[in-house]
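As structure tokens, the structure follows; a few thoughts come after it.
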There are 2 protein chains.
Amino acid sequence: MKDLGDCIFGFVGLGLMGGALARSLRSGKIIGKKGKIFAFDINSETLRTACDSGTIDEGFADPGIMLKQCDVVYVCLNPLSGFRFMETYMNAFQSGSLITDIAGVKKNIVTRIENILRSDIDFIPGHPMAGSEKEGFAHAHECSFSGKNYILVPLKKNRPENLSFMKKIIRQMGFAKIIETDAETHDMKIAFTSQLCHILAASLIDCESDISITDFGGGSFEDLTRIAMINAPMWTELFLENAEPLISRMEKFEKSFAGFKQMIQASQKEKLCDTLTGVRKKRIAMSDYQRA
Amino acid sequence: MKDLGDCIFGFVGLGLMGGALARSLRSGKIIGKKGKIFAFDINSETLRTACDSGTIDEGFADPGIMLKQCDVVYVCLNPLSGFRFMETYMNAFQSGSLITDIAGVKKNIVTRIENILRSDIDFIPGHPMAGSEKEGFAHAHECSFSGKNYILVPLKKNRPENLSFMKKIIRQMGFAKIIETDAETHDMKIAFTSQLCHILAASLIDCESDISITDFGGGSFEDLTRIAMINAPMWTELFLENAEPLISRMEKFEKSFAGFKQMIQASQKEKLCDTLTGVRKKRIAMSDYQRA
């Protein structure tokens, strides 16, 4: 691999995350004089805006022409679209190039990609944990990577120098932590920290019909349901592609929730207070761990 | 009632909310030269800090001595302690004084207080919706009232001029909206926007034992569980004193949650996507309503 600053980066999809990663590459002074940032997007207006703002050097209507020139490719599409893109354009990647993605589910997607992957390109699955309820390139500048986690799911075949290279980019983009794990662990953990949270938010909104209920909000409701402004097609894919770990997590949650319900119904003051005290301690320990 | 600026205000309890309200009275230049802010708290250190910082003019170890001098009294204790305080000190209030509280449940508490209320004092139940997971006077300066709701639950006997007076204070404190409602409606709505949210957050933490799970967090989990750093004794009271509306809300939520589970288990892609789209629209409409 060339020096990082001399690489040509290609973004497939310049939505919220593709846009945010490209912006961060550009503004982080990672790209030197010989380096370039290219992008392909089905929305030509987005490519024009990204060019005009200096985020990318060139936009492409034909991904094949772009991929041929790229040393590093970020596939920033919804999970299934990302797989389909790689399937369709597998022959277009430059030999020796490094490909990564941002899909929020890994096992199903990575297995499919591994089955069609050329042996002369290296694919390192990734998941930048820095999304938002917003969508599209227009909101990319609102994504902050400071304090955020970037999960890598390296494959056995990955070349160590490419993995180091990838981590160098992530650190330079400003992410706080790089977590390396396998696809199965990723999906199990994400089912809890991300997918279950989105279903809780969606259920909260689903079970209330009165729009003016926010007159009685004090911040908690707003914080808990911000992510209910959900990208429906993407999250439908994420939930269904990770159904098994997600259902298992939902059932664990239901059990805890039912426990609280029972304590309230039975007026078990002491048990309820003890359980809440335990929850408080655990959540504080999580914050402490995160900061450490 | 005297002019607002000439009143002597008494705070019973100078914790997070009592402290924040007192600070806001002081910094809002609401109090004139003849006006005073007094406070009683069982923690003498808190009273000293509040005096030294100029938040209050005088701290009292004996609430009886303070109450005798106050035109307006804010009872800022946990719900049951608030009732017990008023019961114990009912004869100490100045004749003609205006009392308010901050309890997060109303029907049970207000009914009890009404039963013991002297006819020469006016009690206007209130609920400033501006709490936080933090506790104590030390964090009072972190409470912002900007954009927040203040719920009033006026009683039939309340003197209209006192209600107007109360609203004037709230507006001057910087709250965005004043909502007037009855105790039953308050408790039903709050069961949803506040209590259910706290139980969801607590359940999320309760059902996970791995502290390092935050390595896989991307913001949603952190936002949803911040309120799990819960004031356990206070929320135990709030949940148990509002058990009936809360259980009813929990059951509505369970139904929506189970609906999502079923759609995921049955891989109902279209139905899931449509439901999420509906949720998204409803949540956006809620934000629009709130801003309007």
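Numbering starts fresh at 1 for the residues of each chain in the structure tokens, the chains themselves are lettered A, B, ... in the order given, and ligands are numbered from 1 as they appear.
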
For the interface of range 152-258 of chain A with range 225-230 of chain B (cut-off 10 Å, counting only C-alpha atoms), please tabulate each contacting residue of range 152-258 of chain A alongside its nearest pair of atoms and their separation in Å to one decimal, rows sorted by chain and increasing number, as a tab-separated table.
residue	atom	partner	partner_atom	distance
A:Cys197	CA	B:Thr225	CA	9.5
A:Gly219	CA	B:Ile227	CA	9.9
A:Ser220	CA	B:Ile227	CA	7.2
A:Asp223	CA	B:Arg226	CA	9.2
A:Leu224	CA	B:Thr225	CA	8.3

Can you tell me which residues surround Gly259 in chain A at a distance of at most 12 Å, considering only C-alpha atoms, apart from same-chain residues fewer than 2 positions away, and format the answer as number ranges by chain?
A: 252-257, 261-266, 268, 271-272, 275-276; B: 199-200, 202-204, 206-207, 250

Just the helix (DSSP H, G or I) stuff from range 53-233 of chain B, please, per backbone DSSP, written as a PyMOL selection string.
chain B and resi 63-67+79-92+107-116+137-142+160-173+183-206+211-216+220-228+232-233

Counting only C-alpha atoms, the option among A:Glu251, A:Asp120, A:Glu87, A:Glu237 closest to Ser267 in chain B:
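Of the candidates, the smallest distance to Ser267 in chain B is held by A:Glu237.
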
Range 34-41 of chain A surroundings by only C-alpha atoms, 9 Å radius, close-in-sequence under 5 positions cut, as an mmCIF file with C-alpha atoms, in the first residue's frame:
data_model
loop_
_atom_site.group_PDB
_atom_site.id
_atom_site.type_symbol
_atom_site.label_atom_id
_atom_site.label_comp_id
_atom_site.auth_asym_id
_atom_site.auth_seq_id
_atom_site.Cartn_x
_atom_site.Cartn_y
_atom_site.Cartn_z
ATOM 1 C CA LEU A 4 -1.726 7.102 3.348
ATOM 2 C CA GLY A 5 -1.529 10.674 2.094
ATOM 3 C CA ASP A 6 -0.888 9.551 -1.488
ATOM 4 C CA CYS A 7 -3.846 7.180 -1.708
ATOM 5 C CA ILE A 8 -6.889 7.632 -3.874
ATOM 6 C CA PHE A 9 -9.994 7.067 -1.752
ATOM 7 C CA GLY A 10 -13.307 6.156 -3.330
ATOM 8 C CA PHE A 11 -16.641 6.508 -1.553
ATOM 9 C CA VAL A 12 -19.529 4.425 -2.792
ATOM 10 C CA GLY A 13 -22.539 6.298 -1.449
ATOM 11 C CA LEU A 14 -22.191 9.794 -0.058
ATOM 12 C CA GLY A 15 -25.009 9.730 2.493
ATOM 13 C CA ALA A 22 -15.137 11.726 3.484
ATOM 14 C CA LEU A 25 -10.599 12.466 5.662
ATOM 15 C CA ARG A 26 -10.489 15.850 3.954
ATOM 16 C CA THR A 46 -25.008 15.377 -3.835
ATOM 17 C CA LEU A 47 -21.840 14.828 -5.873
ATOM 18 C CA ALA A 50 -19.599 17.627 -2.277
ATOM 19 C CA THR A 55 -15.142 17.476 0.365
ATOM 20 C CA ILE A 56 -14.384 15.361 -2.708
ATOM 21 C CA ASP A 57 -12.114 16.005 -5.668
ATOM 22 C CA GLU A 58 -14.333 14.333 -8.223
ATOM 23 C CA GLY A 59 -17.765 12.744 -8.441
ATOM 24 C CA PHE A 60 -18.490 9.764 -10.683
ATOM 25 C CA ALA A 61 -21.751 8.703 -12.295
ATOM 26 C CA ASP A 62 -20.139 5.373 -13.264
ATOM 27 C CA PRO A 63 -18.711 3.510 -10.273
ATOM 28 C CA MET A 66 -13.947 5.305 -10.216
ATOM 29 C CA CYS A 70 -8.966 3.710 -6.106
#

Which residues are close to Val153 in chain B, i.e. within 8 Å by only C-alpha atoms, leaving aside same-chain residues fewer than 5 positions away? Reply as a ChimeraX atom specification.
/B:106,124-126,180-183,186

Can you pull out the residues contacting Ala103 in chain A? Cut-off 9 Å, using only C-alpha atoms, and skip same-chain residues under 5 positions away; I want them as a count of residues only.
13

Rounded to one decimal, what separation in Å do you get between CA of Ile30 in chain B and CA of Gly174 in chain B?
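The value is 11.2 Å.
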
Nearest to chain A: which of B:Ser144, B:Thr193, B:Asn242, B:Ser164 is it, counting only C-alpha atoms?
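The closest residue to chain A is B:Thr193.
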
Members of range 120-253 of chain B assigned strand (DSSP E or B) by DSSP, as a list of chain:residue names
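Put together, the selection reads B:Asp122, B:Phe123, B:Ile124, B:Gly126, B:His127, B:Pro128, B:Met129, B:Ser146, B:Asn149, B:Tyr150, B:Ile151, B:Leu152, B:Phe175, B:Lys177, B:Ile178, B:Ile179, B:Glu180.
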
Expressed in Å to a single decimal, how great is the separation between CA of Ile170 in chain A and CA of Gly131 in chain A?
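Separation between CA of Ile170 in chain A and CA of Gly131 in chain A: 15.2 Å.
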
Considering only C-alpha atoms, can you say which of A:Ala138, A:Ala191, A:Ala285, A:Ile116 comes closest to chain B?
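Result for the nearest residue to chain B: A:Ala285.
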
Spatial neighbours of Leu21 in chain A, 9 Å, only C-alpha atoms, chain gap at least 2 places, as a PyMOL selection string:
chain A and resi 11+16-19+23-26+74+140+173

Nearest to Gly218 in chain B, restricted to only C-alpha atoms and choosing among A:Phe260, A:Phe192, A:Phe137, A:Phe165, comes out as A:Phe192

Neighbour list for Gly147 in chain B as a ChimeraX atom specification, cut-off 12 Å, only C-alpha atoms, skip fewer than 2 positions in-chain:
/A:214-215,217-219 /B:128-130,143-145,149-150,171,173-178,290-292

Suppose we keep C-alpha atoms; can you now write the selection as a CSV table (one decimal), in the first residue's frame?
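To be explicit, this is the file written out as again07.csv:
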chain,number,residue,atom,x,y,z
A,214,THR,CA,-44.6,16.4,24.5
A,215,ASP,CA,-46.3,19.1,26.6
A,217,GLY,CA,-42.0,15.9,28.3
A,218,GLY,CA,-39.1,16.9,30.4
A,219,GLY,CA,-36.2,15.7,28.3
B,128,PRO,CA,-41.2,21.7,36.7
B,129,MET,CA,-40.2,19.3,33.9
B,130,ALA,CA,-36.5,20.0,34.1
B,143,CYS,CA,-30.4,22.5,35.3
B,144,SER,CA,-31.5,24.6,32.4
B,145,PHE,CA,-35.1,25.8,32.2
B,149,ASN,CA,-42.3,22.8,30.4
B,150,TYR,CA,-43.7,23.7,33.8
B,171,ARG,CA,-42.1,32.8,33.0
B,173,MET,CA,-37.6,31.8,35.5
B,174,GLY,CA,-37.2,31.1,31.8
B,175,PHE,CA,-39.5,28.1,31.3
B,176,ALA,CA,-40.9,27.8,27.7
B,177,LYS,CA,-44.4,26.6,28.3
B,178,ILE,CA,-46.9,26.5,31.2
B,290,GLN,CA,-43.1,21.0,20.4
B,291,ARG,CA,-41.3,23.7,18.5
B,292,ALA,CA,-44.5,25.5,17.4
